[in-house]
$ cat input06.txt   # compact mmCIF, C-alpha atoms
# COMPACT_ATOMS: atom_id res chain seq x y z
CA MET I 1 -103.51 137.31 95.70
CA ASN I 2 -104.08 134.89 98.53
CA GLU I 3 -101.48 133.47 100.87
CA HIS I 4 -101.15 130.27 98.88
CA SER I 5 -100.23 131.96 95.61
CA ILE I 6 -97.79 134.17 97.50
CA SER I 7 -95.96 131.09 98.77
CA LEU I 8 -95.84 129.67 95.22
CA LEU I 9 -94.27 132.95 94.13
CA ILE I 10 -91.72 132.70 96.96
CA TYR I 11 -90.70 129.17 95.84
CA PHE I 12 -90.30 130.53 92.32
CA VAL I 13 -88.10 133.48 93.28
CA LEU I 14 -85.89 131.44 95.63
CA ALA I 15 -85.45 128.68 93.02
CA VAL I 16 -84.39 131.30 90.46
CA PHE I 17 -81.64 132.53 92.79
CA ILE I 18 -80.47 128.97 93.51
CA GLY I 19 -80.45 128.23 89.77
CA PHE I 20 -78.15 131.17 89.11
CA GLU I 21 -75.85 130.39 92.02
CA VAL I 22 -75.46 126.66 91.65
CA ILE I 23 -73.85 126.59 88.19
CA SER I 24 -71.90 129.85 88.33
CA LYS I 25 -68.48 128.12 88.24
CA VAL I 26 -68.97 125.68 85.37
CA PRO I 27 -65.93 125.15 83.08
CA THR I 28 -66.42 125.67 79.32
CA ILE I 29 -66.00 121.97 78.56
CA LEU I 30 -69.14 121.18 80.56
CA HIS I 31 -71.41 123.78 78.93
CA THR I 32 -73.10 121.35 76.56
CA PRO I 33 -73.55 118.48 79.08
CA LEU I 34 -74.94 120.95 81.62
CA MET I 35 -77.37 122.32 79.02
CA SER I 36 -78.46 118.78 78.31
CA GLY I 37 -78.77 117.97 82.02
CA THR I 38 -80.99 120.98 82.72
CA ASN I 39 -82.95 120.02 79.60
CA ALA I 40 -83.67 116.65 81.23
CA ILE I 41 -84.75 118.32 84.48
CA HIS I 42 -87.45 120.41 82.78
CA GLY I 43 -88.77 117.05 81.59
CA ILE I 44 -90.60 117.20 84.94
CA ILE I 45 -93.42 118.56 82.76
CA VAL I 46 -94.30 114.86 82.50
CA ILE I 47 -96.04 115.41 85.86
CA GLY I 48 -98.11 118.14 84.20
CA ALA I 49 -98.90 115.79 81.32
CA LEU I 50 -99.98 113.10 83.82
CA LEU I 51 -102.24 115.57 85.64
CA ILE I 52 -104.10 116.46 82.43
CA ALA I 53 -104.14 112.91 81.04
CA VAL I 54 -105.65 111.41 84.20
CA HIS I 55 -109.08 113.05 83.75
CA ALA I 56 -109.18 112.97 79.94
CA GLN I 57 -112.72 112.31 78.69
CA THR I 58 -113.61 114.44 75.67
CA PRO I 59 -111.86 113.70 72.34
CA VAL I 60 -109.95 117.01 72.56
CA GLU I 61 -108.71 116.21 76.08
CA ILE I 62 -107.69 112.73 74.97
CA VAL I 63 -105.72 114.00 71.99
CA LEU I 64 -104.04 116.80 73.99
CA GLY I 65 -103.24 114.48 76.90
CA PHE I 66 -101.81 111.83 74.62
CA ILE I 67 -99.56 114.23 72.69
CA ALA I 68 -98.43 115.90 75.93
CA MET I 69 -97.55 112.48 77.42
CA VAL I 70 -95.53 111.48 74.33
CA LEU I 71 -93.66 114.80 74.16
CA ALA I 72 -92.95 115.03 77.89
CA THR I 73 -91.76 111.42 78.22
CA THR I 74 -89.49 111.86 75.19
CA ASN I 75 -88.04 114.96 76.85
CA VAL I 76 -87.35 113.38 80.21
CA VAL I 77 -86.10 109.95 79.06
CA GLY I 78 -84.12 111.21 76.07
CA GLY I 79 -82.70 114.08 78.13
CA PHE I 80 -81.20 111.93 80.87
CA VAL I 81 -79.96 109.21 78.51
CA VAL I 82 -78.26 111.60 76.10
CA THR I 83 -76.63 113.52 78.98
CA ASP I 84 -75.31 110.27 80.40
CA ARG I 85 -73.90 109.33 77.00
CA MET I 86 -72.12 112.66 76.73
CA LEU I 87 -70.66 112.28 80.20
CA GLU I 88 -69.39 108.76 79.50
CA LEU I 89 -66.46 110.60 77.96
CA PHE I 90 -65.55 111.82 81.43
CA LYS I 91 -65.53 108.46 83.18
CA GLY I 92 -62.02 107.54 82.03
CA ARG I 93 -60.68 109.93 84.62
CA ARG I 94 -58.01 108.41 86.82
CA PRO I 95 -58.26 108.37 90.63
CA ALA I 96 -56.57 111.30 92.36
CA THR I 97 -53.46 109.44 93.56
CA GLU I 98 -52.73 107.93 90.20
CA SER I 99 -53.03 111.22 88.38
CA LYS I 100 -50.70 112.83 90.90
CA GLU I 101 -48.12 110.16 90.22
CA ARG I 102 -48.56 110.73 86.53
CA THR I 103 -47.99 114.44 86.92
CA THR I 104 -44.76 113.80 88.82
CA ILE I 105 -43.49 111.49 86.09
CA GLN I 106 -44.38 114.04 83.47
CA ALA I 107 -42.68 116.82 85.38
CA LYS I 108 -39.56 114.65 85.63
CA SER I 109 -39.53 113.86 81.94
CA GLU I 110 -40.04 117.53 81.15
CA ARG I 111 -37.05 118.39 83.31
CA THR I 112 -34.99 115.75 81.48
CA ASP I 113 -36.10 117.27 78.18
CA ARG I 114 -34.95 120.68 79.23
CA THR I 115 -31.61 119.37 80.47
CA GLU I 116 -31.03 117.53 77.23
CA ARG I 117 -31.91 120.57 75.22
CA GLY I 118 -29.64 122.64 77.43
CA ALA I 119 -26.80 120.16 76.87
CA ALA I 120 -27.31 120.25 73.13
CA MET Z 1 -101.15 118.87 98.46
CA THR Z 2 -100.79 116.35 101.23
CA THR Z 3 -97.83 116.43 103.60
CA ALA Z 4 -96.30 113.32 102.02
CA THR Z 5 -96.51 114.83 98.54
CA SER Z 6 -94.92 118.08 99.68
CA LEU Z 7 -92.09 116.26 101.42
CA ILE Z 8 -91.40 113.98 98.47
CA TYR Z 9 -91.39 116.90 96.03
CA LEU Z 10 -89.04 118.70 98.43
CA VAL Z 11 -86.61 115.74 98.36
CA SER Z 12 -86.65 115.71 94.56
CA ALA Z 13 -86.08 119.48 94.46
CA VAL Z 14 -83.01 118.98 96.66
CA LEU Z 15 -81.81 116.16 94.40
CA PHE Z 16 -82.18 118.43 91.35
CA ILE Z 17 -80.14 121.18 93.01
CA VAL Z 18 -77.40 118.77 94.12
CA GLY Z 19 -77.48 117.18 90.66
CA LEU Z 20 -76.96 120.58 89.00
CA LYS Z 21 -74.11 121.36 91.39
CA PHE Z 22 -72.41 118.05 90.57
CA LEU Z 23 -73.05 118.57 86.84
CA SER Z 24 -70.96 121.71 86.88
CA SER Z 25 -67.74 119.94 87.87
CA PRO Z 26 -65.98 117.44 85.53
CA SER Z 27 -65.19 114.75 88.10
CA THR Z 28 -68.75 114.58 89.46
CA ALA Z 29 -70.77 115.48 86.35
CA ARG Z 30 -71.94 111.97 85.50
CA ARG Z 31 -73.01 111.30 89.08
CA GLY Z 32 -74.84 114.63 89.04
CA ASN Z 33 -76.93 113.51 86.08
CA GLY Z 34 -77.72 110.29 87.93
CA ILE Z 35 -78.75 112.16 91.06
CA ALA Z 36 -81.09 114.40 89.07
CA ALA Z 37 -82.55 111.30 87.39
CA VAL Z 38 -83.28 109.76 90.82
CA GLY Z 39 -85.03 113.00 91.83
CA MET Z 40 -87.11 112.76 88.66
CA MET Z 41 -88.07 109.13 89.22
CA LEU Z 42 -89.09 109.95 92.78
CA ALA Z 43 -91.29 112.90 91.78
CA VAL Z 44 -92.90 111.19 88.79
CA GLY Z 45 -93.26 107.83 90.59
CA TRP Z 46 -94.99 109.44 93.56
CA THR Z 47 -97.32 111.40 91.27
CA ILE Z 48 -98.37 108.13 89.61
CA VAL Z 49 -98.99 106.54 93.03
CA LEU Z 50 -101.03 109.59 93.97
CA LEU Z 51 -103.16 109.45 90.83
CA TRP Z 52 -103.56 105.66 90.96
CA GLY Z 53 -107.23 104.69 90.80
CA THR Z 54 -108.39 108.09 89.57
CA PHE Z 55 -107.55 107.52 85.90
CA THR Z 56 -110.46 107.55 83.48
CA PRO Z 57 -110.33 104.55 81.10
CA ALA Z 58 -109.23 106.80 78.24
CA GLY Z 59 -106.80 108.59 80.57
CA ALA Z 60 -105.15 105.32 81.56
CA ALA Z 61 -104.86 104.25 77.92
CA ILE Z 62 -103.26 107.47 76.70
CA THR Z 63 -100.92 107.59 79.71
CA VAL Z 64 -99.60 104.07 79.11
CA ALA Z 65 -99.43 104.46 75.33
CA GLY Z 66 -97.89 107.95 75.52
CA ALA Z 67 -95.29 106.91 78.08
CA ALA Z 68 -94.38 103.82 76.05
CA ILE Z 69 -93.96 105.77 72.81
CA GLY Z 70 -92.06 108.59 74.51
CA THR Z 71 -89.73 106.24 76.37
CA THR Z 72 -88.95 104.32 73.19
CA ALA Z 73 -88.42 107.47 71.12
CA GLY Z 74 -86.26 109.08 73.81
CA THR Z 75 -84.10 106.02 74.47
CA VAL Z 76 -83.61 105.07 70.82
CA GLY Z 77 -82.94 108.69 69.82
CA ALA Z 78 -80.45 109.27 72.62
CA ARG Z 79 -78.68 105.91 72.22
CA THR Z 80 -78.32 105.88 68.46
CA VAL Z 81 -77.44 109.51 67.78
CA LYS Z 82 -73.87 110.13 66.61
CA MET Z 83 -71.71 112.05 69.08
CA THR Z 84 -71.36 114.88 66.56
CA ALA Z 85 -75.14 115.17 66.22
CA ILE Z 86 -75.82 115.50 69.96
CA PRO Z 87 -76.51 119.28 69.96
CA GLN Z 88 -79.45 118.89 67.58
CA MET Z 89 -80.71 115.93 69.61
CA VAL Z 90 -80.71 118.16 72.70
CA ALA Z 91 -82.60 120.78 70.67
CA LEU Z 92 -85.20 118.17 69.76
CA PHE Z 93 -85.66 116.94 73.36
CA ASN Z 94 -85.88 120.55 74.53
CA GLY Z 95 -88.47 121.46 71.90
CA VAL Z 96 -90.80 118.61 72.79
CA GLY Z 97 -90.63 119.64 76.46
CA GLY Z 98 -91.70 123.17 75.51
CA GLY Z 99 -94.51 121.75 73.40
CA ALA Z 100 -95.72 119.62 76.31
CA ALA Z 101 -95.73 122.65 78.65
CA ALA Z 102 -97.82 124.61 76.13
CA LEU Z 103 -100.29 121.71 75.68
CA VAL Z 104 -100.74 121.34 79.45
CA ALA Z 105 -101.68 125.03 79.67
CA VAL Z 106 -104.01 124.73 76.65
CA SER Z 107 -105.76 121.78 78.22
CA GLU Z 108 -106.27 123.64 81.51
CA LEU Z 109 -107.69 126.70 79.72
CA LEU Z 110 -110.13 124.57 77.71
CA LYS Z 111 -111.61 123.28 80.98
CA LEU Z 112 -113.07 126.75 81.55
CA GLY Z 113 -115.44 126.22 78.62
CA GLY Z 114 -114.86 129.65 77.07
CA LYS Z 115 -115.09 131.84 80.19
CA PRO Z 116 -112.14 134.22 80.60
CA PRO Z 117 -109.77 132.84 83.27
CA ASP Z 118 -108.90 134.83 86.38
CA LEU Z 119 -105.49 136.50 86.26
CA LEU Z 120 -103.79 133.98 88.56
CA THR Z 121 -104.52 131.16 86.09
CA GLY Z 122 -104.72 133.22 82.91
CA LEU Z 123 -101.36 134.97 83.00
CA PRO Z 124 -99.23 131.85 83.64
CA SER Z 125 -101.29 129.92 81.05
CA ILE Z 126 -100.64 132.51 78.37
CA PHE Z 127 -96.99 132.65 79.37
CA ALA Z 128 -96.66 128.84 79.17
CA ILE Z 129 -98.37 128.72 75.76
CA ILE Z 130 -96.28 131.53 74.24
CA ILE Z 131 -92.89 130.57 75.69
CA GLY Z 132 -93.51 126.84 75.29
CA GLY Z 133 -94.65 127.33 71.69
CA VAL Z 134 -91.67 129.54 70.84
CA SER Z 135 -89.37 126.96 72.40
CA PHE Z 136 -90.99 124.14 70.39
CA SER Z 137 -90.86 125.74 66.94
CA GLY Z 138 -87.54 127.50 67.61
CA SER Z 139 -85.93 124.21 68.66
CA MET Z 140 -87.27 122.48 65.55
CA ILE Z 141 -85.68 125.17 63.34
CA ALA Z 142 -82.42 124.84 65.32
CA PHE Z 143 -82.60 121.07 64.82
CA ALA Z 144 -83.23 121.48 61.07
CA LYS Z 145 -80.30 123.88 60.73
CA LEU Z 146 -77.83 121.68 62.60
CA GLN Z 147 -79.05 118.47 60.96
CA GLY Z 148 -78.58 120.03 57.52
CA LEU Z 149 -82.30 119.78 56.69
CA MET Z 150 -82.11 123.49 55.92
CA SER Z 151 -79.29 125.92 55.27
CA GLY Z 152 -77.32 126.90 58.38
CA THR Z 153 -76.85 130.44 57.09
CA PRO Z 154 -78.95 133.20 58.66
CA VAL Z 155 -82.24 133.60 56.81
CA THR Z 156 -83.04 137.28 56.46
CA TYR Z 157 -85.44 139.13 54.23
CA PRO Z 158 -86.48 142.75 53.88
CA GLY Z 159 -89.13 143.78 56.36
CA GLN Z 160 -88.25 140.97 58.77
CA GLN Z 161 -88.30 143.24 61.80
CA VAL Z 162 -91.75 144.53 60.83
CA VAL Z 163 -93.08 140.98 60.54
CA ASN Z 164 -91.66 140.06 63.96
CA ILE Z 165 -93.11 143.18 65.58
CA VAL Z 166 -96.55 142.47 64.03
CA LEU Z 167 -96.40 138.85 65.31
CA THR Z 168 -95.53 140.06 68.81
CA LEU Z 169 -98.28 142.68 68.87
CA GLY Z 170 -100.65 140.01 67.54
CA TRP Z 171 -100.11 137.67 70.45
CA ILE Z 172 -100.31 140.47 73.01
CA ALA Z 173 -103.69 141.48 71.53
CA LEU Z 174 -104.87 137.86 71.62
CA ALA Z 175 -103.73 137.51 75.22
CA VAL Z 176 -105.81 140.55 76.17
CA VAL Z 177 -108.85 139.12 74.36
CA LEU Z 178 -108.38 135.80 76.12
CA LEU Z 179 -108.16 137.43 79.55
CA THR Z 180 -111.06 139.85 79.14
CA VAL Z 181 -113.54 138.57 76.53
CA ASN Z 182 -113.44 134.82 76.11
CA SER Z 183 -111.09 131.85 76.11
CA SER Z 184 -112.71 129.87 73.31
CA GLY Z 185 -110.88 127.16 71.43
CA THR Z 186 -110.43 129.51 68.47
CA VAL Z 187 -108.63 132.18 70.50
CA ILE Z 188 -106.39 129.57 72.14
CA THR Z 189 -105.59 127.93 68.80
CA LEU Z 190 -104.68 131.30 67.28
CA LEU Z 191 -102.43 131.99 70.26
CA VAL Z 192 -100.64 128.67 69.76
CA VAL Z 193 -100.18 129.32 66.02
CA LEU Z 194 -98.77 132.79 66.70
CA ALA Z 195 -96.38 131.43 69.33
CA LEU Z 196 -95.09 128.88 66.81
CA ALA Z 197 -94.64 131.62 64.20
CA VAL Z 198 -92.72 133.83 66.64
CA GLY Z 199 -90.36 130.93 67.41
CA VAL Z 200 -89.65 130.35 63.72
CA GLY Z 201 -89.14 134.07 63.12
CA PHE Z 202 -86.77 134.28 66.08
CA VAL Z 203 -84.42 131.45 65.10
CA LEU Z 204 -84.40 131.80 61.27
CA PRO Z 205 -82.05 134.84 61.21
CA ILE Z 206 -79.46 133.16 63.48
CA GLY Z 207 -76.50 131.33 61.93
CA GLY Z 208 -75.74 127.63 62.43
CA ALA Z 209 -72.54 128.28 64.40
CA ASN Z 210 -74.52 130.19 67.02
CA MET Z 211 -77.10 127.44 67.45
CA PRO Z 212 -75.70 126.02 70.72
CA VAL Z 213 -76.26 129.41 72.39
CA VAL Z 214 -79.78 129.58 70.94
CA ILE Z 215 -80.60 126.05 72.09
CA SER Z 216 -79.40 126.97 75.56
CA LEU Z 217 -81.66 130.03 75.56
CA LEU Z 218 -84.65 128.00 74.36
CA ASN Z 219 -83.81 125.46 77.06
CA ALA Z 220 -84.10 128.22 79.67
CA CYS Z 221 -87.39 129.26 78.01
CA THR Z 222 -88.79 125.74 78.33
CA GLY Z 223 -87.80 125.80 82.01
CA LEU Z 224 -89.81 128.99 82.52
CA ALA Z 225 -92.75 127.60 80.54
CA VAL Z 226 -92.71 124.53 82.80
CA ALA Z 227 -92.63 126.76 85.88
CA ALA Z 228 -95.59 128.71 84.45
CA SER Z 229 -97.59 125.51 83.94
CA GLY Z 230 -96.68 124.70 87.54
CA PHE Z 231 -98.51 127.89 88.57
CA VAL Z 232 -101.48 126.87 86.40
CA LEU Z 233 -101.65 123.39 87.93
CA ASP Z 234 -100.69 124.62 91.40
CA ASN Z 235 -97.80 122.14 91.47
CA PHE Z 236 -94.70 122.78 93.61
CA ALA Z 237 -92.45 120.31 91.75
CA LEU Z 238 -93.06 121.93 88.36
CA ILE Z 239 -92.52 125.43 89.73
CA VAL Z 240 -89.24 124.65 91.49
CA ALA Z 241 -87.69 122.43 88.78
CA GLY Z 242 -88.84 124.77 86.01
CA SER Z 243 -87.50 127.93 87.59
CA LEU Z 244 -84.20 126.21 88.49
CA VAL Z 245 -83.75 125.36 84.80
CA GLY Z 246 -84.97 128.79 83.71
CA ALA Z 247 -82.39 130.55 85.85
CA SER Z 248 -79.43 128.23 85.36
CA GLY Z 249 -80.21 128.02 81.64
CA THR Z 250 -80.20 131.81 81.32
CA LEU Z 251 -76.85 132.09 83.09
CA LEU Z 252 -75.48 129.22 81.00
CA THR Z 253 -76.59 130.99 77.81
CA LYS Z 254 -74.61 134.04 78.85
CA LEU Z 255 -71.55 131.94 79.78
CA MET Z 256 -71.71 130.19 76.39
CA SER Z 257 -71.81 133.41 74.39
CA ASP Z 258 -69.01 134.81 76.59
CA ALA Z 259 -66.95 131.72 75.75
CA MET Z 260 -67.43 132.50 72.06
CA GLY Z 261 -66.13 135.99 72.75
CA ARG Z 262 -69.40 137.61 71.69
CA SER Z 263 -72.22 139.35 73.46
CA LEU Z 264 -75.56 137.57 73.72
CA VAL Z 265 -77.34 140.42 71.92
CA ASP Z 266 -74.87 140.13 69.05
CA VAL Z 267 -75.41 136.35 68.82
CA LEU Z 268 -79.20 136.60 68.84
CA PHE Z 269 -79.81 139.74 66.84
CA GLY Z 270 -76.54 140.07 64.88
CA ALA Z 271 -78.26 139.33 61.57
CA PHE Z 272 -81.24 141.59 62.19
CA GLY Z 273 -81.62 144.54 59.87
CA LYS Z 274 -79.06 143.37 57.35
CA VAL Z 275 -79.76 141.04 54.47
CA GLN Z 276 -76.59 139.04 54.30
CA VAL Z 277 -75.03 135.87 52.99
CA GLY Z 278 -72.52 133.64 54.74
CA ASP Z 279 -72.29 132.50 58.30
CA ASP Z 280 -72.14 135.16 60.96
CA ALA Z 281 -69.97 133.28 63.44
CA GLY Z 282 -66.89 135.24 64.40
CA PRO Z 283 -64.08 133.37 62.61
CA GLY Z 284 -60.54 133.38 63.94
CA MET Z 285 -57.44 134.07 61.85
CA ASP Z 286 -57.45 130.61 60.29
CA GLY Z 287 -61.17 130.83 59.53
CA ARG Z 288 -62.22 128.64 62.46
CA THR Z 289 -64.28 129.88 65.36
CA THR Z 290 -62.33 130.65 68.49
CA ARG Z 291 -63.28 130.25 72.11
CA ALA Z 292 -62.12 132.12 75.13
CA GLY Z 293 -61.00 130.05 78.11
CA SER Z 294 -59.96 130.49 81.70
CA PRO Z 295 -57.09 128.77 83.57
CA ASP Z 296 -59.75 126.48 85.07
CA ASP Z 297 -60.82 125.34 81.61
CA LEU Z 298 -57.24 124.60 80.65
CA GLY Z 299 -56.75 122.60 83.84
CA THR Z 300 -59.91 120.59 83.16
CA MET Z 301 -58.93 119.80 79.60
CA MET Z 302 -55.43 118.72 80.63
CA THR Z 303 -56.78 116.42 83.33
CA LEU Z 304 -59.20 114.78 80.92
CA ARG Z 305 -56.90 114.27 77.95
CA GLU Z 306 -56.11 110.71 77.09
$ encode --input "input06.txt" --output "structure tokens"
Amino acid sequence: MNEHSISLLIYFVLAVFIGFEVISKVPTILHTPLMSGTNAIHGIIVIGALLIAVHAQTPVEIVLGFIAMVLATTNVVGGFVVTDRMLELFKGRRPATESKERTTIQAKSERTDRTERGAA
Amino acid sequence: MTTATSLIYLVSAVLFIVGLKFLSSPSTARRGNGIAAVGMMLAVGWTIVLLWGTFTPAGAAITVAGAAIGTTAGTVGARTVKMTAIPQMVALFNGVGGGAAALVAVSELLKLGGKPPDLLTGLPSIFAIIIGGVSFSGSMIAFAKLQGLMSGTPVTYPGQQVVNIVLTLGWIALAVVLLTVNSSGTVITLLVVLALAVGVGFVLPIGGANMPVVISLLNACTGLAVAASGFVLDNFALIVAGSLVGASGTLLTKLMSDAMGRSLVDVLFGAFGKVQVGDDAGPGMDGRTTRAGSPDDLGTMMTLRE
């Protein structure tokens, strides 16, 4: 193994550790969107498809390059769009101050509930 | 790689990592996806700039046509799919990525004109073909099960383990032939066919309710296949993005099976060795599947409720 392939191996190992670390605290509700988001990121194979399509000359190379381009582009475009659609559900989140206010009101009404129940 | 290329790929790698970080928190998730998409556009855009002027006429034609078809299919598929059908859509997008990774490796091997590749190219190529092929056919079965194109119940038959073991030994033998004797089109084609068969054999015995965990595992597999093709093509961006997805996808798979209250081994191989009918998801008292949750999950759900 030469020095160059060793450095490729180092990138690989370090990226594996980062991959483990970076999502370790994901809540259950985000499992599916996160799966879909990582799915979009491996759509980077479109670069691989480009690199084989660019020199395509023989019929076999042309067919392989074409199919690889179609599959990889579907992966990357579809992946990001579908993840964004899933996460649209999360955009209705209120700003921090507003939600705090809301919690206070709720807490108050809960207290009132308890008092009323106590009175009854 | 030139300095500019390395630096640009480095920026997109950072954007992917930040994107993943943001994706794992509810308030920033959507932005995280956007950040990752910017990283992707940067890496792909720069690669096109880099290759500009070196396209063969046929190469330019298939690139434009392929990108147009893929973009249309991806956008229409992702925009029109019903919210309830999103898991199978993700399976489909994941499968095609695995297929692309396998084809890239096939194409690189064919360039050798039948000579056995050296280990540094050969091993990652074989890995990309096998894992990418398994991910492709496995995802298609997962899609078919979730879409109702085939029964969601585990498909088991007597002698299933024997068949799977024979398939596995078959591809190991082929890999050895490819590395030592020759890498002709026939050997490579057989390897692809076997990889596809292994993927089908792997997903068939898993029940429909467990499919999300399986899709997540196949997603991690595609990530690793992409990283492997990165080694074949000597491309930093593919290696880093692929291994990020491989690792985070593996951890996510474990988290997902934990959330179902089952071990990963049980989810994947629960139906092995028993010919059974009915779904093998662990039903709760009222017959529905249950999920475990942490206080964090509860907090997230309460914040997001309408």
$ atom_distance --input "input06.txt" --atom1 "CA of Arg262 (chain Z)" --atom2 "CA of Thr28 (chain I)"
14.5 Å
$ residues_around --input "input06.txt" --residues "Thr189 (chain Z)" --least-positions-apart "2" --cutoff "12 Å" --atoms "only C-alpha atoms" --output "list in words"
Ala102, Leu103, Ala105, Val106, Ser107, Leu109, Leu110, Ile126, Ile129, Ile130, Gly133, Trp171, Leu174, Ala175, Leu178, Ser183, Ser184, Gly185, Thr186, Val187, Leu191, Val192, Val193, Leu194, Ala195 and Leu196 of chain Z
$ closest_residue --input "input06.txt" --among "I:Val70, I:Met1, I:Val76, I:Ala40" --to "chain Z" --atoms "only C-alpha atoms"
I:Val70
$ closest_residue --input "input06.txt" --among "I:His42, I:Arg85, I:Val60, I:Val54" --to "Cys221 (chain Z)" --atoms "only C-alpha atoms"
I:His42
$ residues_around --input "input06.txt" --residues "region 214-220 of chain Z" --least-positions-apart "6" --cutoff "7 Å" --atoms "only C-alpha atoms" --output "list in words"
Met35 and Asn39 of chain I; Ala91, Asn94, Ser135, Ser139, Val245, Gly246, Ala247, Gly249, Thr250 and Thr253 of chain Z
$ write_last_selection --input "input06.txt" --atoms "C-alpha atoms" --output "compact mmCIF listing (two decimals), in the frame of the given file"
# COMPACT_ATOMS: atom_id res chain seq x y z
CA MET I 35 -77.37 122.32 79.02
CA ASN I 39 -82.95 120.02 79.60
CA ALA Z 91 -82.60 120.78 70.67
CA ASN Z 94 -85.88 120.55 74.53
CA SER Z 135 -89.37 126.96 72.40
CA SER Z 139 -85.93 124.21 68.66
CA VAL Z 245 -83.75 125.36 84.80
CA GLY Z 246 -84.97 128.79 83.71
CA ALA Z 247 -82.39 130.55 85.85
CA GLY Z 249 -80.21 128.02 81.64
CA THR Z 250 -80.20 131.81 81.32
CA THR Z 253 -76.59 130.99 77.81
$ residues_around --input "input06.txt" --residues "region 73-84 of chain Z" --least-positions-apart "6" --cutoff "9 Å" --atoms "all atoms listed in the file" --output "list in words"
Val70, Thr73, Thr74, Asn75, Val76, Val77, Gly78, Gly79, Phe80, Val81, Val82, Thr83, Arg85 and Met86 of chain I; Val90 and Phe93 of chain Z
$ write_last_selection --input "input06.txt" --atoms "C-alpha atoms" --output "tab-separated table (two decimals), keeping the file's coordinate frame"
chain	number	residue	atom	x	y	z
I	70	VAL	CA	-95.53	111.48	74.33
I	73	THR	CA	-91.76	111.42	78.22
I	74	THR	CA	-89.49	111.86	75.19
I	75	ASN	CA	-88.04	114.96	76.85
I	76	VAL	CA	-87.35	113.38	80.21
I	77	VAL	CA	-86.10	109.95	79.06
I	78	GLY	CA	-84.12	111.21	76.07
I	79	GLY	CA	-82.70	114.08	78.13
I	80	PHE	CA	-81.20	111.93	80.87
I	81	VAL	CA	-79.96	109.21	78.51
I	82	VAL	CA	-78.26	111.60	76.10
I	83	THR	CA	-76.63	113.52	78.98
I	85	ARG	CA	-73.90	109.33	77.00
I	86	MET	CA	-72.12	112.66	76.73
Z	90	VAL	CA	-80.71	118.16	72.70
Z	93	PHE	CA	-85.66	116.94	73.36
